[in-house]
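query37.cif, holding mmCIF, C-alpha atoms:
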```cif
data_final
loop_
_atom_site.group_PDB
_atom_site.id
_atom_site.type_symbol
_atom_site.label_atom_id
_atom_site.label_comp_id
_atom_site.auth_asym_id
_atom_site.auth_seq_id
_atom_site.Cartn_x
_atom_site.Cartn_y
_atom_site.Cartn_z
ATOM 1 C CA MET A 4 42.361 -16.852 -12.944
ATOM 2 C CA SER A 5 42.940 -20.305 -11.732
ATOM 3 C CA SER A 6 39.801 -20.252 -9.596
ATOM 4 C CA SER A 7 37.754 -18.970 -12.535
ATOM 5 C CA SER A 8 39.163 -21.542 -14.935
ATOM 6 C CA SER A 9 38.739 -24.191 -12.290
ATOM 7 C CA SER A 10 35.049 -23.380 -11.860
ATOM 8 C CA ASP A 11 34.590 -23.229 -15.654
ATOM 9 C CA SER A 12 36.200 -26.634 -16.117
ATOM 10 C CA THR A 13 34.087 -28.030 -13.275
ATOM 11 C CA ALA A 14 30.927 -26.672 -14.917
ATOM 12 C CA VAL A 15 31.972 -28.148 -18.268
ATOM 13 C CA GLU A 16 32.739 -31.508 -16.652
ATOM 14 C CA GLU A 17 29.368 -31.474 -14.864
ATOM 15 C CA ALA A 18 27.591 -30.600 -18.097
ATOM 16 C CA LYS A 19 29.394 -33.421 -19.926
ATOM 17 C CA PHE A 20 28.549 -35.837 -17.116
ATOM 18 C CA ILE A 21 24.877 -34.838 -17.059
ATOM 19 C CA GLY A 22 24.730 -35.020 -20.866
ATOM 20 C CA SER A 23 26.295 -38.482 -20.779
ATOM 21 C CA VAL A 24 23.820 -39.672 -18.123
ATOM 22 C CA LEU A 25 20.890 -38.266 -20.085
ATOM 23 C CA THR A 26 22.090 -39.882 -23.314
ATOM 24 C CA LYS A 27 22.507 -43.251 -21.593
ATOM 25 C CA THR A 28 19.109 -42.902 -19.883
ATOM 26 C CA VAL A 29 17.356 -42.097 -23.158
ATOM 27 C CA ALA A 30 19.122 -45.005 -24.903
ATOM 28 C CA TYR A 31 18.189 -47.347 -22.055
ATOM 29 C CA TYR A 32 14.504 -46.405 -22.157
ATOM 30 C CA GLN A 33 14.350 -46.573 -25.947
ATOM 31 C CA ASN A 34 15.854 -50.023 -25.771
ATOM 32 C CA ARG A 35 13.376 -51.065 -23.030
ATOM 33 C CA LEU A 36 10.431 -49.746 -25.023
ATOM 34 C CA GLY A 37 11.528 -51.801 -27.998
ATOM 35 C CA GLU A 38 11.883 -54.907 -25.819
ATOM 36 C CA THR A 39 8.494 -54.344 -24.197
ATOM 37 C CA SER A 40 6.630 -53.985 -27.474
ATOM 38 C CA ARG A 41 8.391 -57.068 -28.887
ATOM 39 C CA ALA A 42 7.670 -59.027 -25.694
ATOM 40 C CA ARG A 43 4.003 -58.010 -25.705
ATOM 41 C CA SER A 44 3.546 -58.895 -29.342
ATOM 42 C CA ASN A 45 5.026 -62.330 -28.669
ATOM 43 C CA LEU A 46 2.839 -62.864 -25.592
ATOM 44 C CA ARG A 47 -0.430 -61.866 -27.215
ATOM 45 C CA LYS A 48 -2.173 -64.904 -28.633
ATOM 46 C CA PRO A 49 -4.201 -64.740 -31.804
ATOM 47 C CA PRO A 50 -7.921 -64.437 -31.035
ATOM 48 C CA LEU A 51 -9.939 -67.636 -31.142
ATOM 49 C CA ARG A 52 -12.755 -67.744 -33.650
ATOM 50 C CA ARG A 53 -15.669 -68.345 -31.334
ATOM 51 C CA ASN A 54 -18.879 -68.399 -33.317
ATOM 52 C CA HIS A 55 -21.280 -67.052 -30.699
ATOM 53 C CA GLU A 56 -24.380 -67.423 -32.865
ATOM 54 C CA ALA A 57 -23.643 -71.074 -33.686
ATOM 55 C CA VAL A 58 -23.136 -71.818 -29.994
ATOM 56 C CA HIS A 59 -26.425 -70.079 -29.191
ATOM 57 C CA ASP A 60 -28.200 -72.154 -31.846
ATOM 58 C CA ARG A 61 -26.675 -75.374 -30.478
ATOM 59 C CA LEU A 62 -27.717 -74.448 -26.932
ATOM 60 C CA ILE A 63 -31.280 -73.821 -28.084
ATOM 61 C CA GLU A 64 -31.309 -77.095 -30.015
ATOM 62 C CA ASP A 65 -29.905 -79.013 -27.022
ATOM 63 C CA TYR A 66 -32.144 -77.609 -24.260
ATOM 64 C CA PHE A 67 -34.738 -75.029 -25.267
ATOM 65 C CA ALA A 68 -36.345 -76.054 -28.581
ATOM 66 C CA ASP A 69 -39.685 -77.860 -28.626
ATOM 67 C CA ASP A 70 -37.921 -81.075 -29.626
ATOM 68 C CA ALA A 71 -34.735 -80.385 -27.625
ATOM 69 C CA ILE A 72 -32.185 -83.179 -27.502
ATOM 70 C CA TYR A 73 -31.670 -82.984 -23.731
ATOM 71 C CA ALA A 74 -35.132 -81.732 -22.706
ATOM 72 C CA VAL A 75 -35.578 -84.588 -20.211
ATOM 73 C CA LYS A 76 -32.214 -83.802 -18.604
ATOM 74 C CA PHE A 77 -32.784 -80.046 -18.236
ATOM 75 C CA ARG A 78 -33.867 -80.122 -14.607
ATOM 76 C CA ARG A 79 -30.963 -82.319 -13.531
ATOM 77 C CA ARG A 80 -28.346 -80.296 -15.404
ATOM 78 C CA PHE A 81 -29.616 -76.824 -14.505
ATOM 79 C CA ARG A 82 -30.983 -77.698 -11.055
ATOM 80 C CA MET A 83 -34.301 -75.972 -11.873
ATOM 81 C CA ARG A 84 -37.308 -76.174 -14.184
ATOM 82 C CA LYS A 85 -36.943 -74.756 -17.689
ATOM 83 C CA GLU A 86 -39.806 -72.306 -17.104
ATOM 84 C CA LEU A 87 -38.048 -70.849 -14.054
ATOM 85 C CA PHE A 88 -34.783 -70.550 -15.974
ATOM 86 C CA LEU A 89 -36.487 -68.725 -18.857
ATOM 87 C CA ARG A 90 -38.234 -66.388 -16.403
ATOM 88 C CA ILE A 91 -34.872 -65.523 -14.823
ATOM 89 C CA VAL A 92 -33.324 -64.903 -18.250
ATOM 90 C CA GLY A 93 -36.242 -62.660 -19.231
ATOM 91 C CA ASP A 94 -36.082 -60.700 -15.964
ATOM 92 C CA LEU A 95 -32.341 -60.093 -16.275
ATOM 93 C CA GLU A 96 -32.530 -59.272 -19.982
ATOM 94 C CA GLY A 97 -35.288 -56.744 -19.339
ATOM 95 C CA ARG A 98 -33.462 -54.921 -16.540
ATOM 96 C CA PHE A 99 -29.732 -55.099 -17.285
ATOM 97 C CA PRO A 100 -27.991 -54.120 -20.529
ATOM 98 C CA TYR A 101 -25.253 -56.697 -19.872
ATOM 99 C CA PHE A 102 -27.796 -59.493 -20.373
ATOM 100 C CA GLN A 103 -29.084 -58.139 -23.678
ATOM 101 C CA TRP A 104 -27.864 -59.538 -26.985
ATOM 102 C CA LYS A 105 -25.691 -56.867 -28.583
ATOM 103 C CA MET A 106 -23.190 -56.441 -31.376
ATOM 104 C CA ASP A 107 -19.525 -56.346 -30.417
ATOM 105 C CA ALA A 108 -16.902 -53.914 -31.712
ATOM 106 C CA ARG A 109 -16.370 -56.035 -34.838
ATOM 107 C CA ARG A 110 -20.103 -55.802 -35.669
ATOM 108 C CA LYS A 111 -20.658 -59.464 -34.764
ATOM 109 C CA LYS A 112 -23.265 -60.653 -32.310
ATOM 110 C CA GLY A 113 -21.909 -61.216 -28.834
ATOM 111 C CA PHE A 114 -23.178 -63.799 -26.367
ATOM 112 C CA SER A 115 -26.937 -64.138 -25.995
ATOM 113 C CA PRO A 116 -28.736 -63.718 -22.660
ATOM 114 C CA ILE A 117 -29.395 -67.464 -22.607
ATOM 115 C CA GLN A 118 -25.689 -68.207 -23.115
ATOM 116 C CA LYS A 119 -24.645 -65.847 -20.321
ATOM 117 C CA CYS A 120 -27.238 -67.162 -17.875
ATOM 118 C CA THR A 121 -26.575 -70.790 -18.819
ATOM 119 C CA ALA A 122 -22.839 -70.411 -18.310
ATOM 120 C CA SER A 123 -23.453 -68.712 -14.961
ATOM 121 C CA ILE A 124 -25.969 -71.203 -13.637
ATOM 122 C CA ARG A 125 -23.985 -74.231 -14.796
ATOM 123 C CA GLN A 126 -20.841 -72.750 -13.229
ATOM 124 C CA LEU A 127 -22.681 -72.207 -9.948
ATOM 125 C CA ALA A 128 -24.449 -75.588 -10.071
ATOM 126 C CA TYR A 129 -21.348 -77.664 -10.771
ATOM 127 C CA GLY A 130 -18.648 -75.531 -9.158
ATOM 128 C CA MET A 131 -16.114 -76.389 -11.845
ATOM 129 C CA GLY A 132 -13.382 -74.026 -12.987
ATOM 130 C CA ALA A 133 -14.490 -71.294 -15.376
ATOM 131 C CA ASP A 134 -12.139 -72.560 -18.080
ATOM 132 C CA LYS A 135 -13.938 -75.938 -18.212
ATOM 133 C CA TRP A 136 -16.883 -74.408 -20.072
ATOM 134 C CA ASP A 137 -14.874 -73.051 -23.011
ATOM 135 C CA GLU A 138 -15.417 -76.086 -25.211
ATOM 136 C CA TYR A 139 -19.209 -76.057 -24.969
ATOM 137 C CA PHE A 140 -20.023 -72.373 -24.482
ATOM 138 C CA ARG A 141 -17.011 -71.040 -26.409
ATOM 139 C CA MET A 142 -16.484 -68.455 -23.684
ATOM 140 C CA SER A 143 -13.118 -67.529 -22.276
ATOM 141 C CA GLU A 144 -12.443 -68.088 -18.609
ATOM 142 C CA ARG A 145 -12.545 -64.336 -18.037
ATOM 143 C CA THR A 146 -15.926 -64.012 -19.751
ATOM 144 C CA VAL A 147 -17.431 -66.857 -17.708
ATOM 145 C CA ARG A 148 -16.168 -65.283 -14.489
ATOM 146 C CA GLU A 149 -17.618 -61.935 -15.559
ATOM 147 C CA CYS A 150 -20.970 -63.600 -16.379
ATOM 148 C CA VAL A 151 -21.117 -65.312 -12.985
ATOM 149 C CA TYR A 152 -20.250 -62.107 -11.152
ATOM 150 C CA LYS A 153 -22.826 -60.003 -13.014
ATOM 151 C CA PHE A 154 -25.418 -62.791 -12.800
ATOM 152 C CA CYS A 155 -25.078 -63.037 -9.001
ATOM 153 C CA LYS A 156 -25.199 -59.275 -8.610
ATOM 154 C CA ALA A 157 -28.279 -59.024 -10.849
ATOM 155 C CA ILE A 158 -30.050 -61.888 -9.049
ATOM 156 C CA CYS A 159 -29.503 -60.143 -5.719
ATOM 157 C CA LEU A 160 -30.922 -56.901 -7.113
ATOM 158 C CA VAL A 161 -33.946 -58.476 -8.819
ATOM 159 C CA TYR A 162 -34.900 -61.210 -6.347
ATOM 160 C CA GLY A 163 -33.100 -60.214 -3.165
ATOM 161 C CA GLN A 164 -35.970 -58.352 -1.567
ATOM 162 C CA ARG A 165 -38.268 -61.348 -1.850
ATOM 163 C CA TYR A 166 -36.085 -64.437 -1.729
ATOM 164 C CA LEU A 167 -32.828 -63.414 -0.068
ATOM 165 C CA ARG A 168 -34.323 -62.122 3.146
ATOM 166 C CA LYS A 169 -33.604 -63.391 6.644
ATOM 167 C CA PRO A 170 -35.725 -66.439 7.474
ATOM 168 C CA THR A 171 -38.688 -65.952 9.767
ATOM 169 C CA ILE A 172 -39.528 -68.261 12.670
ATOM 170 C CA ASN A 173 -42.170 -69.875 10.435
ATOM 171 C CA ASP A 174 -39.563 -70.498 7.680
ATOM 172 C CA ILE A 175 -37.225 -72.168 10.162
ATOM 173 C CA HIS A 176 -40.050 -74.319 11.532
ATOM 174 C CA GLN A 177 -41.044 -75.425 8.005
ATOM 175 C CA LEU A 178 -37.439 -76.254 7.143
ATOM 176 C CA TYR A 179 -37.061 -78.250 10.349
ATOM 177 C CA THR A 180 -40.271 -80.160 9.605
ATOM 178 C CA VAL A 181 -39.141 -80.998 6.062
ATOM 179 C CA GLN A 182 -35.693 -82.106 7.239
ATOM 180 C CA LYS A 183 -37.166 -84.234 10.039
ATOM 181 C CA ALA A 184 -39.555 -85.913 7.599
ATOM 182 C CA SER A 185 -36.702 -86.701 5.180
ATOM 183 C CA MET A 186 -34.570 -88.104 8.027
ATOM 184 C CA ASP A 187 -37.496 -90.244 9.225
ATOM 185 C CA SER A 188 -37.927 -91.669 5.726
ATOM 186 C CA LEU A 189 -34.226 -92.620 5.629
ATOM 187 C CA GLU A 190 -34.542 -94.631 8.853
ATOM 188 C CA CYS A 191 -37.033 -97.047 7.311
#
```
Rendering of file as structure tokens:
Amino acid sequence: MSSSSSSDSTAVEEAKFIGSVLTKTVAYYQNRLGETSRARSNLRKPPLRRNHEAVHDRLIEDYFADDAIYAVKFRRRFRMRKELFLRIVGDLEGRFPYFQWKMDARRKKGFSPIQKCTASIRQLAYGMGADKWDEYFRMSERTVRECVYKFCKAICLVYGQRYLRKPTINDIHQLYTVQKASMDSLEC
């Protein structure tokens, strides 16, 4: 009888112990879940009101309109002619949905193809941090990085076959001739 009662009391003690551990575990995780949701709600910043259409309009007015404010500075700031830039934008817009102007989840227009390409090209041309463009383009750092990544990938797909090939002997000779001529002009 003592061995039977001993095993019964051991089983009861084990059950109480397991029940206690489970109760404490559940309480711990409920407490952690409450802390996590409170911590996340405190960490999440309110969304910035970035008026994408107004930024697009300002970009057009500054660089692309017939009487653009900075028309004479386009080539220096973008490191290419405006016609070439617009051809690139058109090519990417026509082939990749990412570069098309769409509505976002809130039924507001997202960034235009010109905004995405401008942010990408200016980022590549100047090599500044992605967060530096927020004030002008009203794009988050993450969005600018995404634009640059998708822009580079799209450029490789669209123009890679023709322009991103290995140089031929003739290409190297022409480059050498151009560099030699520029060095000779510096010696004068």
Exercise. So which residues touch Phe102 in chain A within 7 Å, counting all atoms listed in the file, skipping near sequence neighbours fewer than 4 positions away, as a list in words?
Worked result: Leu95, Glu96 and Pro116 of chain A
Problem set entry | Atom pair CA of Glu86 in chain A / CA of Ala184 in chain A: separation (Å) |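 Distance reported for this atom pair: 28.2 Å.
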For this session: Return the single residue from A:Ser115, A:Asp187, A:Val75, A:Arg168 that is closest to Pro100 in chain A, with distances computed using only C-alpha atoms.
Result: A:Ser115
For this session: Within 10 Å of Val92 in chain A, counting only C-alpha atoms, which residues show up once you throw out same-chain ones fewer than 5 positions away? Write them as a list in words, please.
Result: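 The neighbour list is Glu86, Leu87, Gly97, Phe102, Gln103, Pro116, Ile117, Gln118, Lys119, Cys120, Thr121 and Phe154 of chain A.
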Problem set entry | Given only C-alpha atoms as the counted atoms, nearest of A:Val24, A:Trp104, A:Phe77, A:Ile91 to Glu56 in chain A | A:Trp104
Exercise. Between CA of Tyr152 in chain A and CA of Arg125 in chain A, what is the distance, to one decimal in Å?
Worked result: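 It comes out at 13.2 Å.
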Problem set entry | Residues within 12 Å of (-28.5, -74.3, -26.7), file coords, all atoms listed in the file, listed as a VMD selection string | chain A and resid 55 to 74 77 114 to 122 139 to 141
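Taking CA of Val161 in chain A as the reference point, CA of Val181 in chain A is found at 27.5 Å.
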For this session: Please evaluate the PyMOL selection byres ((chain A and resi 126-128) around 12) against the displayed coordinates and give the resulting residues as an NGL selection string.
Result: :A and (78-83 or 118-125 or 129-137 or 140 or 144 or 146-152 or 154-155)
